[in-house]
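Colleague: Got data_1.cif for you, mmCIF, N, CA and C atoms:
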```cif
data_data
#
loop_
_atom_site.label_atom_id
_atom_site.label_comp_id
_atom_site.auth_asym_id
_atom_site.auth_seq_id
_atom_site.Cartn_x
_atom_site.Cartn_y
_atom_site.Cartn_z
N ASP A 1 0.84 -1.18 0.00
CA ASP A 1 0.00 0.00 0.00
C ASP A 1 0.88 1.25 0.00
N PRO A 2 1.24 1.78 -1.16
CA PRO A 2 2.13 2.95 -1.22
C PRO A 2 1.44 4.25 -0.81
N VAL A 3 0.13 4.21 -0.63
CA VAL A 3 -0.61 5.43 -0.29
C VAL A 3 -0.69 5.63 1.22
N VAL A 4 -0.90 4.56 1.99
CA VAL A 4 -1.10 4.70 3.43
C VAL A 4 -0.01 3.96 4.21
N ALA A 5 -0.15 2.65 4.35
CA ALA A 5 0.70 1.86 5.24
C ALA A 5 2.19 1.91 4.87
N SER A 6 2.49 1.83 3.60
CA SER A 6 3.90 1.77 3.18
C SER A 6 4.35 3.01 2.42
N ALA A 7 3.64 4.11 2.60
CA ALA A 7 4.01 5.34 1.90
C ALA A 7 5.35 5.86 2.40
N THR A 8 5.55 5.87 3.70
CA THR A 8 6.80 6.38 4.27
C THR A 8 7.46 5.40 5.23
N THR A 9 6.78 4.31 5.54
CA THR A 9 7.31 3.33 6.48
C THR A 9 7.74 2.07 5.73
N PRO A 10 9.00 1.65 5.91
CA PRO A 10 9.44 0.43 5.22
C PRO A 10 8.78 -0.80 5.83
N LEU A 11 8.75 -1.87 5.05
CA LEU A 11 8.23 -3.15 5.52
C LEU A 11 9.42 -4.02 5.88
N ASP A 12 9.53 -4.40 7.15
CA ASP A 12 10.66 -5.18 7.64
C ASP A 12 10.28 -6.64 7.86
N GLY A 13 11.25 -7.51 7.67
CA GLY A 13 11.08 -8.94 7.91
C GLY A 13 12.43 -9.53 8.27
N ALA A 14 12.43 -10.81 8.60
CA ALA A 14 13.69 -11.48 8.96
C ALA A 14 13.61 -12.95 8.58
N GLY A 15 14.77 -13.54 8.36
CA GLY A 15 14.89 -14.96 8.06
C GLY A 15 16.14 -15.49 8.74
N THR A 16 16.39 -16.78 8.59
CA THR A 16 17.51 -17.41 9.29
C THR A 16 18.33 -18.27 8.33
N ILE A 17 19.64 -18.20 8.49
CA ILE A 17 20.57 -19.09 7.81
C ILE A 17 21.22 -19.94 8.89
N ILE A 18 21.22 -21.25 8.70
CA ILE A 18 21.81 -22.16 9.68
C ILE A 18 23.00 -22.86 9.03
N ILE A 19 24.15 -22.81 9.72
CA ILE A 19 25.34 -23.49 9.21
C ILE A 19 25.91 -24.41 10.29
N THR A 20 26.61 -25.43 9.84
CA THR A 20 27.29 -26.35 10.75
C THR A 20 28.73 -26.51 10.25
N CYS A 21 29.68 -26.25 11.13
CA CYS A 21 31.10 -26.37 10.77
C CYS A 21 31.83 -27.17 11.84
N THR A 22 32.99 -27.67 11.49
CA THR A 22 33.86 -28.35 12.44
C THR A 22 34.32 -27.36 13.50
N GLN A 23 34.43 -27.81 14.72
CA GLN A 23 34.85 -26.95 15.83
C GLN A 23 36.16 -26.23 15.50
N GLY A 24 36.19 -24.92 15.77
CA GLY A 24 37.37 -24.11 15.53
C GLY A 24 37.51 -23.58 14.13
N THR A 25 36.60 -23.94 13.25
CA THR A 25 36.67 -23.50 11.86
C THR A 25 36.06 -22.10 11.70
N PRO A 26 36.82 -21.12 11.21
CA PRO A 26 36.25 -19.80 10.94
C PRO A 26 35.44 -19.85 9.63
N ALA A 27 34.40 -19.05 9.55
CA ALA A 27 33.56 -19.05 8.35
C ALA A 27 33.09 -17.65 8.01
N ASN A 28 32.87 -17.41 6.73
CA ASN A 28 32.22 -16.21 6.22
C ASN A 28 31.00 -16.65 5.44
N ILE A 29 29.91 -15.88 5.55
CA ILE A 29 28.69 -16.19 4.82
C ILE A 29 28.40 -15.03 3.87
N ALA A 30 28.31 -15.34 2.57
CA ALA A 30 28.00 -14.34 1.55
C ALA A 30 26.58 -14.57 1.05
N LEU A 31 25.88 -13.47 0.74
CA LEU A 31 24.54 -13.55 0.15
C LEU A 31 24.57 -12.91 -1.23
N SER A 32 24.08 -13.63 -2.22
CA SER A 32 24.03 -13.10 -3.59
C SER A 32 23.04 -11.94 -3.68
N VAL A 33 23.07 -11.25 -4.81
CA VAL A 33 22.11 -10.15 -5.02
C VAL A 33 20.72 -10.66 -5.38
N GLY A 34 20.60 -11.96 -5.63
CA GLY A 34 19.29 -12.54 -5.90
C GLY A 34 19.06 -12.82 -7.37
N ASP A 35 18.00 -13.54 -7.63
CA ASP A 35 17.66 -13.94 -9.00
C ASP A 35 17.09 -12.82 -9.85
N ASN A 36 16.61 -11.75 -9.21
CA ASN A 36 15.92 -10.70 -9.96
C ASN A 36 16.59 -9.34 -9.85
N ALA A 37 17.87 -9.33 -9.50
CA ALA A 37 18.59 -8.08 -9.27
C ALA A 37 18.67 -7.24 -10.54
N ASP A 38 18.71 -5.93 -10.32
CA ASP A 38 18.96 -4.97 -11.39
C ASP A 38 20.35 -4.43 -11.10
N GLY A 39 21.37 -5.05 -11.69
CA GLY A 39 22.75 -4.73 -11.35
C GLY A 39 23.04 -5.25 -9.95
N THR A 40 23.34 -4.34 -9.03
CA THR A 40 23.59 -4.73 -7.65
C THR A 40 22.39 -4.43 -6.75
N ALA A 41 21.30 -3.93 -7.32
CA ALA A 41 20.10 -3.60 -6.54
C ALA A 41 19.19 -4.82 -6.45
N ARG A 42 18.94 -5.27 -5.24
CA ARG A 42 18.04 -6.41 -5.05
C ARG A 42 16.61 -6.00 -5.32
N GLN A 43 15.89 -6.91 -5.95
CA GLN A 43 14.46 -6.67 -6.18
C GLN A 43 13.72 -8.00 -6.30
N MET A 44 12.49 -7.97 -5.83
CA MET A 44 11.60 -9.12 -5.98
C MET A 44 10.76 -8.89 -7.23
N THR A 45 10.19 -9.97 -7.74
CA THR A 45 9.33 -9.86 -8.91
C THR A 45 8.02 -10.60 -8.65
N ASP A 46 6.98 -10.18 -9.34
CA ASP A 46 5.69 -10.86 -9.23
C ASP A 46 5.55 -11.93 -10.31
N GLY A 47 6.61 -12.19 -11.05
CA GLY A 47 6.58 -13.16 -12.13
C GLY A 47 6.19 -12.54 -13.45
N GLY A 48 5.81 -11.29 -13.41
CA GLY A 48 5.44 -10.55 -14.62
C GLY A 48 6.30 -9.32 -14.75
N THR A 49 5.66 -8.16 -14.82
CA THR A 49 6.40 -6.92 -15.00
C THR A 49 6.65 -6.17 -13.70
N GLY A 50 5.99 -6.59 -12.61
CA GLY A 50 6.14 -5.88 -11.33
C GLY A 50 7.42 -6.23 -10.60
N THR A 51 8.12 -5.21 -10.11
CA THR A 51 9.31 -5.42 -9.29
C THR A 51 9.21 -4.58 -8.03
N LEU A 52 9.81 -5.09 -6.97
CA LEU A 52 9.74 -4.45 -5.66
C LEU A 52 11.15 -4.42 -5.07
N ALA A 53 11.70 -3.23 -4.84
CA ALA A 53 13.06 -3.09 -4.32
C ALA A 53 13.11 -3.45 -2.84
N TYR A 54 14.20 -4.14 -2.46
CA TYR A 54 14.40 -4.49 -1.05
C TYR A 54 15.89 -4.65 -0.80
N GLU A 55 16.25 -4.85 0.47
CA GLU A 55 17.65 -5.08 0.81
C GLU A 55 17.73 -6.07 1.95
N ALA A 56 18.88 -6.75 2.07
CA ALA A 56 19.15 -7.71 3.14
C ALA A 56 20.30 -7.15 3.98
N TYR A 57 20.16 -7.27 5.30
CA TYR A 57 21.12 -6.68 6.22
C TYR A 57 21.62 -7.70 7.24
N LYS A 58 22.81 -7.40 7.81
CA LYS A 58 23.41 -8.24 8.84
C LYS A 58 22.96 -7.84 10.24
N ASP A 59 22.40 -6.66 10.40
CA ASP A 59 22.08 -6.14 11.73
C ASP A 59 20.61 -5.74 11.85
N PRO A 60 20.06 -5.81 13.06
CA PRO A 60 18.64 -5.48 13.23
C PRO A 60 18.31 -4.01 13.00
N THR A 61 19.30 -3.12 13.04
CA THR A 61 19.04 -1.71 12.76
C THR A 61 19.02 -1.45 11.25
N ARG A 62 19.37 -2.48 10.48
CA ARG A 62 19.35 -2.44 9.01
C ARG A 62 20.23 -1.32 8.44
N ASN A 63 21.46 -1.29 8.94
CA ASN A 63 22.46 -0.34 8.45
C ASN A 63 23.59 -1.02 7.68
N ASP A 64 23.82 -2.30 7.95
CA ASP A 64 24.97 -3.02 7.40
C ASP A 64 24.50 -4.05 6.37
N ILE A 65 24.59 -3.69 5.08
CA ILE A 65 24.11 -4.56 3.99
C ILE A 65 24.90 -5.86 3.96
N TRP A 66 24.18 -6.97 3.75
CA TRP A 66 24.77 -8.30 3.66
C TRP A 66 24.87 -8.66 2.20
N GLY A 67 26.09 -8.78 1.70
CA GLY A 67 26.29 -9.07 0.29
C GLY A 67 27.29 -10.18 0.06
N ASP A 68 27.87 -10.17 -1.14
CA ASP A 68 28.81 -11.23 -1.51
C ASP A 68 30.14 -10.67 -2.00
N THR A 69 30.45 -9.45 -1.62
CA THR A 69 31.73 -8.85 -1.97
C THR A 69 32.53 -8.60 -0.68
N ALA A 70 33.83 -8.38 -0.85
CA ALA A 70 34.69 -8.14 0.31
C ALA A 70 34.12 -6.99 1.16
N GLY A 71 34.01 -7.24 2.44
CA GLY A 71 33.50 -6.22 3.35
C GLY A 71 32.00 -6.29 3.58
N THR A 72 31.27 -6.99 2.71
CA THR A 72 29.82 -7.09 2.90
C THR A 72 29.39 -8.48 3.36
N GLU A 73 30.34 -9.43 3.34
CA GLU A 73 30.02 -10.78 3.84
C GLU A 73 29.92 -10.75 5.36
N LEU A 74 29.24 -11.74 5.93
CA LEU A 74 29.13 -11.85 7.38
C LEU A 74 30.27 -12.70 7.90
N ASP A 75 31.04 -12.17 8.84
CA ASP A 75 32.09 -12.93 9.52
C ASP A 75 31.41 -13.73 10.61
N ALA A 76 31.28 -15.03 10.42
CA ALA A 76 30.58 -15.89 11.38
C ALA A 76 31.48 -16.30 12.53
N GLY A 77 32.75 -15.94 12.48
CA GLY A 77 33.68 -16.31 13.53
C GLY A 77 33.99 -17.80 13.50
N SER A 78 34.74 -18.24 14.51
CA SER A 78 35.08 -19.66 14.61
C SER A 78 33.96 -20.43 15.28
N SER A 79 33.71 -21.60 14.79
CA SER A 79 32.65 -22.44 15.34
C SER A 79 33.07 -22.98 16.71
N PRO A 80 32.26 -22.76 17.76
CA PRO A 80 32.62 -23.26 19.09
C PRO A 80 32.44 -24.78 19.22
N SER A 81 31.66 -25.37 18.32
CA SER A 81 31.41 -26.82 18.35
C SER A 81 30.83 -27.23 17.00
N VAL A 82 30.44 -28.49 16.89
CA VAL A 82 29.82 -28.95 15.65
C VAL A 82 28.31 -28.71 15.64
N ALA A 83 27.81 -28.08 16.68
CA ALA A 83 26.37 -27.79 16.75
C ALA A 83 26.00 -26.74 15.70
N PRO A 84 24.82 -26.85 15.10
CA PRO A 84 24.38 -25.85 14.13
C PRO A 84 24.31 -24.46 14.76
N ARG A 85 24.65 -23.44 13.96
CA ARG A 85 24.56 -22.04 14.41
C ARG A 85 23.61 -21.29 13.48
N ALA A 86 22.79 -20.45 14.06
CA ALA A 86 21.80 -19.69 13.30
C ALA A 86 22.23 -18.22 13.19
N PHE A 87 22.06 -17.66 12.00
CA PHE A 87 22.38 -16.26 11.75
C PHE A 87 21.15 -15.62 11.11
N THR A 88 20.73 -14.49 11.65
CA THR A 88 19.53 -13.81 11.18
C THR A 88 19.85 -12.88 10.01
N VAL A 89 19.02 -12.95 8.98
CA VAL A 89 19.06 -12.03 7.85
C VAL A 89 17.89 -11.07 8.06
N TYR A 90 18.19 -9.78 8.09
CA TYR A 90 17.16 -8.76 8.29
C TYR A 90 16.82 -8.13 6.95
N GLY A 91 15.55 -8.19 6.57
CA GLY A 91 15.13 -7.65 5.28
C GLY A 91 14.33 -6.37 5.42
N ARG A 92 14.37 -5.56 4.38
CA ARG A 92 13.57 -4.32 4.36
C ARG A 92 13.14 -4.02 2.94
N VAL A 93 11.83 -3.83 2.77
CA VAL A 93 11.26 -3.38 1.50
C VAL A 93 11.17 -1.86 1.57
N THR A 94 11.71 -1.22 0.55
CA THR A 94 11.73 0.24 0.47
C THR A 94 10.30 0.80 0.44
N PRO A 95 10.00 1.84 1.24
CA PRO A 95 8.65 2.39 1.24
C PRO A 95 8.34 3.20 -0.02
N GLY A 96 7.05 3.43 -0.23
CA GLY A 96 6.58 4.31 -1.30
C GLY A 96 6.62 3.74 -2.70
N GLN A 97 6.72 2.42 -2.83
CA GLN A 97 6.76 1.82 -4.17
C GLN A 97 5.35 1.52 -4.66
N ASP A 98 5.02 2.03 -5.81
CA ASP A 98 3.69 1.83 -6.41
C ASP A 98 3.79 0.69 -7.42
N VAL A 99 3.44 -0.52 -6.97
CA VAL A 99 3.57 -1.71 -7.81
C VAL A 99 2.23 -2.41 -7.92
N PRO A 100 2.06 -3.25 -8.95
CA PRO A 100 0.81 -4.01 -9.07
C PRO A 100 0.64 -4.96 -7.88
N VAL A 101 -0.61 -5.21 -7.52
CA VAL A 101 -0.91 -6.17 -6.46
C VAL A 101 -0.44 -7.54 -6.90
N GLY A 102 0.17 -8.31 -5.99
CA GLY A 102 0.62 -9.65 -6.33
C GLY A 102 1.52 -10.22 -5.26
N ASN A 103 2.00 -11.41 -5.52
CA ASN A 103 2.97 -12.06 -4.64
C ASN A 103 4.35 -11.84 -5.23
N TYR A 104 5.23 -11.22 -4.45
CA TYR A 104 6.57 -10.89 -4.90
C TYR A 104 7.58 -11.79 -4.19
N THR A 105 8.50 -12.36 -4.98
CA THR A 105 9.49 -13.27 -4.42
C THR A 105 10.86 -13.02 -5.04
N ASP A 106 11.87 -13.51 -4.35
CA ASP A 106 13.23 -13.53 -4.86
C ASP A 106 13.97 -14.64 -4.12
N THR A 107 15.04 -15.13 -4.69
CA THR A 107 15.85 -16.16 -4.06
C THR A 107 17.28 -15.67 -3.96
N LEU A 108 17.84 -15.70 -2.74
CA LEU A 108 19.23 -15.36 -2.51
C LEU A 108 20.02 -16.64 -2.29
N LEU A 109 21.22 -16.70 -2.81
CA LEU A 109 22.10 -17.84 -2.61
C LEU A 109 23.07 -17.50 -1.50
N ALA A 110 23.10 -18.31 -0.44
CA ALA A 110 24.06 -18.15 0.64
C ALA A 110 25.26 -19.06 0.37
N THR A 111 26.45 -18.47 0.37
CA THR A 111 27.69 -19.21 0.18
C THR A 111 28.51 -19.14 1.46
N VAL A 112 28.87 -20.30 1.99
CA VAL A 112 29.66 -20.36 3.22
C VAL A 112 31.11 -20.68 2.84
N GLU A 113 32.00 -19.79 3.22
CA GLU A 113 33.44 -19.98 2.95
C GLU A 113 34.12 -20.30 4.26
N PHE A 114 34.83 -21.43 4.30
CA PHE A 114 35.54 -21.81 5.53
C PHE A 114 36.88 -22.41 5.21
#
```
Represent the structure from my file as structure tokens, please.
Modeller:
Amino acid sequence: DPVVASATTPLDGAGTIIITCTQGTPANIALSVGDNADGTARQMTDGGTGTLAYEAYKDPTRNDIWGDTAGTELDAGSSPSVAPRAFTVYGRVTPGQDVPVGNYTDTLLATVEF
């Protein structure tokens, strides 16, 4: 709703990435720009002509973009054990976008480097 609810307020959401590494192994997690990116700008699509700009972040304040280039990957640190570890991805849809009604999706590829 670009007129009322989402005219000036972004739409926020969150998801989780779970990784399992050998104890003591340092890891970095990179997130691709997605299947529907316009250059480096992430966007969802309705499967037709509608696109919706959004971004993925490493922090709950949504200031630190999570990407797949040097400096934008998440440093997961060394694994304290072989137990799975969860990392939150914070998403934000840019406010004020006038798009057709529909279901908008995108797929990001997470790459774990260890």
Colleague: I want to know what sits within 7 Å of range 28-45 of chain A, based on all atoms listed in the file, with residues of the same chain fewer than 3 positions away left out; could you give that as a VMD selection string?
Modeller: chain A and resid 48 to 55 66 to 69 72 to 77 103 to 114
Colleague: Find the residues around Tyr90 in chain A up to 6 Å (only C-alpha atoms counted), leave out those fewer than 2 positions away in its own chain, and share them as a PyMOL selection string.
Modeller: chain A and resi 14+56-57
Colleague: What does the structure give for the distance between CA of Asp46 in chain A and atom C of Thr94 in chain A, in Å to one decimal?
Modeller: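 Separation of CA of Asp46 in chain A and atom C of Thr94 in chain A: 15.8 Å.
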Colleague: Of the candidates A:Ala70, A:Ile18, A:Ile65, A:Ala27, which shows the shortest atom-to-atom distance to Phe87 in chain A, using all atoms listed in the file?
Modeller: A:Ile18
Colleague: Quick one: pull the distance between CA of Pro80 in chain A and CA of Ile17 in chain A, Å, one decimal.
Modeller: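 Distance reported for this atom pair: 17.0 Å.
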Colleague: Please write as a PDB file with N, CA and C atoms, in the coordinates of the input the full residue list that the PyMOL selection byres (((chain A and resi 95 and name CA) around 8) and name CA) yields on this file.
Modeller:
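Printed below is selection06.pdb as written:
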```
ATOM      1  N   PRO A   2       1.240   1.780  -1.160  1.00  0.00           N
ATOM      2  CA  PRO A   2       2.130   2.950  -1.220  1.00  0.00           C
ATOM      3  C   PRO A   2       1.440   4.250  -0.810  1.00  0.00           C
ATOM      4  N   SER A   6       2.490   1.830   3.600  1.00  0.00           N
ATOM      5  CA  SER A   6       3.900   1.770   3.180  1.00  0.00           C
ATOM      6  C   SER A   6       4.350   3.010   2.420  1.00  0.00           C
ATOM      7  N   ALA A   7       3.640   4.110   2.600  1.00  0.00           N
ATOM      8  CA  ALA A   7       4.010   5.340   1.900  1.00  0.00           C
ATOM      9  C   ALA A   7       5.350   5.860   2.400  1.00  0.00           C
ATOM     10  N   THR A   8       5.550   5.870   3.700  1.00  0.00           N
ATOM     11  CA  THR A   8       6.800   6.380   4.270  1.00  0.00           C
ATOM     12  C   THR A   8       7.460   5.400   5.230  1.00  0.00           C
ATOM     13  N   THR A   9       6.780   4.310   5.540  1.00  0.00           N
ATOM     14  CA  THR A   9       7.310   3.330   6.480  1.00  0.00           C
ATOM     15  C   THR A   9       7.740   2.070   5.730  1.00  0.00           C
ATOM     16  N   PRO A  10       9.000   1.650   5.910  1.00  0.00           N
ATOM     17  CA  PRO A  10       9.440   0.430   5.220  1.00  0.00           C
ATOM     18  C   PRO A  10       8.780  -0.800   5.830  1.00  0.00           C
ATOM     19  N   LEU A  11       8.750  -1.870   5.050  1.00  0.00           N
ATOM     20  CA  LEU A  11       8.230  -3.150   5.520  1.00  0.00           C
ATOM     21  C   LEU A  11       9.420  -4.020   5.880  1.00  0.00           C
ATOM     22  N   VAL A  93      11.830  -3.830   2.770  1.00  0.00           N
ATOM     23  CA  VAL A  93      11.260  -3.380   1.500  1.00  0.00           C
ATOM     24  C   VAL A  93      11.170  -1.860   1.570  1.00  0.00           C
ATOM     25  N   THR A  94      11.710  -1.220   0.550  1.00  0.00           N
ATOM     26  CA  THR A  94      11.730   0.240   0.470  1.00  0.00           C
ATOM     27  C   THR A  94      10.300   0.800   0.440  1.00  0.00           C
ATOM     28  N   GLY A  96       7.050   3.430  -0.230  1.00  0.00           N
ATOM     29  CA  GLY A  96       6.580   4.310  -1.300  1.00  0.00           C
ATOM     30  C   GLY A  96       6.620   3.740  -2.700  1.00  0.00           C
ATOM     31  N   GLN A  97       6.720   2.420  -2.830  1.00  0.00           N
ATOM     32  CA  GLN A  97       6.760   1.820  -4.170  1.00  0.00           C
ATOM     33  C   GLN A  97       5.350   1.520  -4.660  1.00  0.00           C
TER      34      GLN A  97
END
```
Colleague: Record the distance separating CA of Arg85 in chain A and CA of Asn63 in chain A, expressed in Å with one decimal.
Modeller: 22.6 Å
Colleague: Among range 2-106 of chain A, which ones does DSSP place in strand (DSSP E or B), written as an mmCIF file with N, CA and C atoms, in the frame of the given file?
Modeller:
```
data_model
loop_
_atom_site.group_PDB
_atom_site.id
_atom_site.type_symbol
_atom_site.label_atom_id
_atom_site.label_comp_id
_atom_site.auth_asym_id
_atom_site.auth_seq_id
_atom_site.Cartn_x
_atom_site.Cartn_y
_atom_site.Cartn_z
ATOM 1 N N LEU A 11 8.750 -1.870 5.050
ATOM 2 C CA LEU A 11 8.230 -3.150 5.520
ATOM 3 C C LEU A 11 9.420 -4.020 5.880
ATOM 4 N N ASP A 12 9.530 -4.400 7.150
ATOM 5 C CA ASP A 12 10.660 -5.180 7.640
ATOM 6 C C ASP A 12 10.280 -6.640 7.860
ATOM 7 N N GLY A 13 11.250 -7.510 7.670
ATOM 8 C CA GLY A 13 11.080 -8.940 7.910
ATOM 9 C C GLY A 13 12.430 -9.530 8.270
ATOM 10 N N ALA A 14 12.430 -10.810 8.600
ATOM 11 C CA ALA A 14 13.690 -11.480 8.960
ATOM 12 C C ALA A 14 13.610 -12.950 8.580
ATOM 13 N N GLY A 15 14.770 -13.540 8.360
ATOM 14 C CA GLY A 15 14.890 -14.960 8.060
ATOM 15 C C GLY A 15 16.140 -15.490 8.740
ATOM 16 N N THR A 16 16.390 -16.780 8.590
ATOM 17 C CA THR A 16 17.510 -17.410 9.290
ATOM 18 C C THR A 16 18.330 -18.270 8.330
ATOM 19 N N ILE A 17 19.640 -18.200 8.490
ATOM 20 C CA ILE A 17 20.570 -19.090 7.810
ATOM 21 C C ILE A 17 21.220 -19.940 8.890
ATOM 22 N N ILE A 18 21.220 -21.250 8.700
ATOM 23 C CA ILE A 18 21.810 -22.160 9.680
ATOM 24 C C ILE A 18 23.000 -22.860 9.030
ATOM 25 N N ILE A 19 24.150 -22.810 9.720
ATOM 26 C CA ILE A 19 25.340 -23.490 9.210
ATOM 27 C C ILE A 19 25.910 -24.410 10.290
ATOM 28 N N PRO A 26 36.820 -21.120 11.210
ATOM 29 C CA PRO A 26 36.250 -19.800 10.940
ATOM 30 C C PRO A 26 35.440 -19.850 9.630
ATOM 31 N N ALA A 27 34.400 -19.050 9.550
ATOM 32 C CA ALA A 27 33.560 -19.050 8.350
ATOM 33 C C ALA A 27 33.090 -17.650 8.010
ATOM 34 N N ASN A 28 32.870 -17.410 6.730
ATOM 35 C CA ASN A 28 32.220 -16.210 6.220
ATOM 36 C C ASN A 28 31.000 -16.650 5.440
ATOM 37 N N ILE A 29 29.910 -15.880 5.550
ATOM 38 C CA ILE A 29 28.690 -16.190 4.820
ATOM 39 C C ILE A 29 28.400 -15.030 3.870
ATOM 40 N N ALA A 30 28.310 -15.340 2.570
ATOM 41 C CA ALA A 30 28.000 -14.340 1.550
ATOM 42 C C ALA A 30 26.580 -14.570 1.050
ATOM 43 N N LEU A 31 25.880 -13.470 0.740
ATOM 44 C CA LEU A 31 24.540 -13.550 0.150
ATOM 45 C C LEU A 31 24.570 -12.910 -1.230
ATOM 46 N N ASP A 38 18.710 -5.930 -10.320
ATOM 47 C CA ASP A 38 18.960 -4.970 -11.390
ATOM 48 C C ASP A 38 20.350 -4.430 -11.100
ATOM 49 N N ALA A 41 21.300 -3.930 -7.320
ATOM 50 C CA ALA A 41 20.100 -3.600 -6.540
ATOM 51 C C ALA A 41 19.190 -4.820 -6.450
ATOM 52 N N GLN A 43 15.890 -6.910 -5.950
ATOM 53 C CA GLN A 43 14.460 -6.670 -6.180
ATOM 54 C C GLN A 43 13.720 -8.000 -6.300
ATOM 55 N N MET A 44 12.490 -7.970 -5.830
ATOM 56 C CA MET A 44 11.600 -9.120 -5.980
ATOM 57 C C MET A 44 10.760 -8.890 -7.230
ATOM 58 N N THR A 45 10.190 -9.970 -7.740
ATOM 59 C CA THR A 45 9.330 -9.860 -8.910
ATOM 60 C C THR A 45 8.020 -10.600 -8.650
ATOM 61 N N THR A 51 8.120 -5.210 -10.110
ATOM 62 C CA THR A 51 9.310 -5.420 -9.290
ATOM 63 C C THR A 51 9.210 -4.580 -8.030
ATOM 64 N N LEU A 52 9.810 -5.090 -6.970
ATOM 65 C CA LEU A 52 9.740 -4.450 -5.660
ATOM 66 C C LEU A 52 11.150 -4.420 -5.070
ATOM 67 N N ALA A 53 11.700 -3.230 -4.840
ATOM 68 C CA ALA A 53 13.060 -3.090 -4.320
ATOM 69 C C ALA A 53 13.110 -3.450 -2.840
ATOM 70 N N TYR A 54 14.200 -4.140 -2.460
ATOM 71 C CA TYR A 54 14.400 -4.490 -1.050
ATOM 72 C C TYR A 54 15.890 -4.650 -0.800
ATOM 73 N N GLU A 55 16.250 -4.850 0.470
ATOM 74 C CA GLU A 55 17.650 -5.080 0.810
ATOM 75 C C GLU A 55 17.730 -6.070 1.950
ATOM 76 N N ALA A 56 18.880 -6.750 2.070
ATOM 77 C CA ALA A 56 19.150 -7.710 3.140
ATOM 78 C C ALA A 56 20.300 -7.150 3.980
ATOM 79 N N TYR A 57 20.160 -7.270 5.300
ATOM 80 C CA TYR A 57 21.120 -6.680 6.220
ATOM 81 C C TYR A 57 21.620 -7.700 7.240
ATOM 82 N N ILE A 65 24.590 -3.690 5.080
ATOM 83 C CA ILE A 65 24.110 -4.560 3.990
ATOM 84 C C ILE A 65 24.900 -5.860 3.960
ATOM 85 N N LEU A 74 29.240 -11.740 5.930
ATOM 86 C CA LEU A 74 29.130 -11.850 7.380
ATOM 87 C C LEU A 74 30.270 -12.700 7.900
ATOM 88 N N ASP A 75 31.040 -12.170 8.840
ATOM 89 C CA ASP A 75 32.090 -12.930 9.520
ATOM 90 C C ASP A 75 31.410 -13.730 10.610
ATOM 91 N N ALA A 76 31.280 -15.030 10.420
ATOM 92 C CA ALA A 76 30.580 -15.890 11.380
ATOM 93 C C ALA A 76 31.480 -16.300 12.530
ATOM 94 N N GLY A 77 32.750 -15.940 12.480
ATOM 95 C CA GLY A 77 33.680 -16.310 13.530
ATOM 96 C C GLY A 77 33.990 -17.800 13.500
ATOM 97 N N SER A 78 34.740 -18.240 14.510
ATOM 98 C CA SER A 78 35.080 -19.660 14.610
ATOM 99 C C SER A 78 33.960 -20.430 15.280
ATOM 100 N N ARG A 85 24.650 -23.440 13.960
ATOM 101 C CA ARG A 85 24.560 -22.040 14.410
ATOM 102 C C ARG A 85 23.610 -21.290 13.480
ATOM 103 N N ALA A 86 22.790 -20.450 14.060
ATOM 104 C CA ALA A 86 21.800 -19.690 13.300
ATOM 105 C C ALA A 86 22.230 -18.220 13.190
ATOM 106 N N PHE A 87 22.060 -17.660 12.000
ATOM 107 C CA PHE A 87 22.380 -16.260 11.750
ATOM 108 C C PHE A 87 21.150 -15.620 11.110
ATOM 109 N N THR A 88 20.730 -14.490 11.650
ATOM 110 C CA THR A 88 19.530 -13.810 11.180
ATOM 111 C C THR A 88 19.850 -12.880 10.010
ATOM 112 N N VAL A 89 19.020 -12.950 8.980
ATOM 113 C CA VAL A 89 19.060 -12.030 7.850
ATOM 114 C C VAL A 89 17.890 -11.070 8.060
ATOM 115 N N TYR A 90 18.190 -9.780 8.090
ATOM 116 C CA TYR A 90 17.160 -8.760 8.290
ATOM 117 C C TYR A 90 16.820 -8.130 6.950
ATOM 118 N N GLY A 91 15.550 -8.190 6.570
ATOM 119 C CA GLY A 91 15.130 -7.650 5.280
ATOM 120 C C GLY A 91 14.330 -6.370 5.420
ATOM 121 N N ARG A 92 14.370 -5.560 4.380
ATOM 122 C CA ARG A 92 13.570 -4.320 4.360
ATOM 123 C C ARG A 92 13.140 -4.020 2.940
ATOM 124 N N VAL A 93 11.830 -3.830 2.770
ATOM 125 C CA VAL A 93 11.260 -3.380 1.500
ATOM 126 C C VAL A 93 11.170 -1.860 1.570
ATOM 127 N N THR A 105 8.500 -12.360 -4.980
ATOM 128 C CA THR A 105 9.490 -13.270 -4.420
ATOM 129 C C THR A 105 10.860 -13.020 -5.040
#
```
Colleague: Could you check which of A:Gly91, A:Gly102, A:Gly47, A:Pro26 is closest to Asp59 in chain A, using all atoms listed in the file?
Modeller: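 Answer, going by the shortest atom-to-atom distance: A:Gly91.
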Colleague: Using only C-alpha atoms, which of A:Cys21, A:Thr16, A:Val99, A:Val89 sits nearest Arg62 in chain A?
Modeller: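 Comparing A:Cys21, A:Thr16, A:Val99, A:Val89 against Arg62 in chain A, the winner is A:Val89.
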Colleague: With 3 Å added on each side, what axis-aligned box encloses every listed atom of range 87-106 of chain A? Give the centre and edge lengths in Å to one decimal, as lines of an AutoDock Vina configuration file.
Modeller:
```
center_x = 10.7
center_y = -6.7
center_z = 1.5
size_x = 29.3
size_y = 28.0
size_z = 27.1
```
Colleague: My list of candidates is A:Ala5, A:Thr61, A:Val101, A:Thr25. Which is closest to Ser78 in chain A when distances are computed with all atoms listed in the file?
Modeller: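 Under the stated criterion, the closest residue is A:Thr25.
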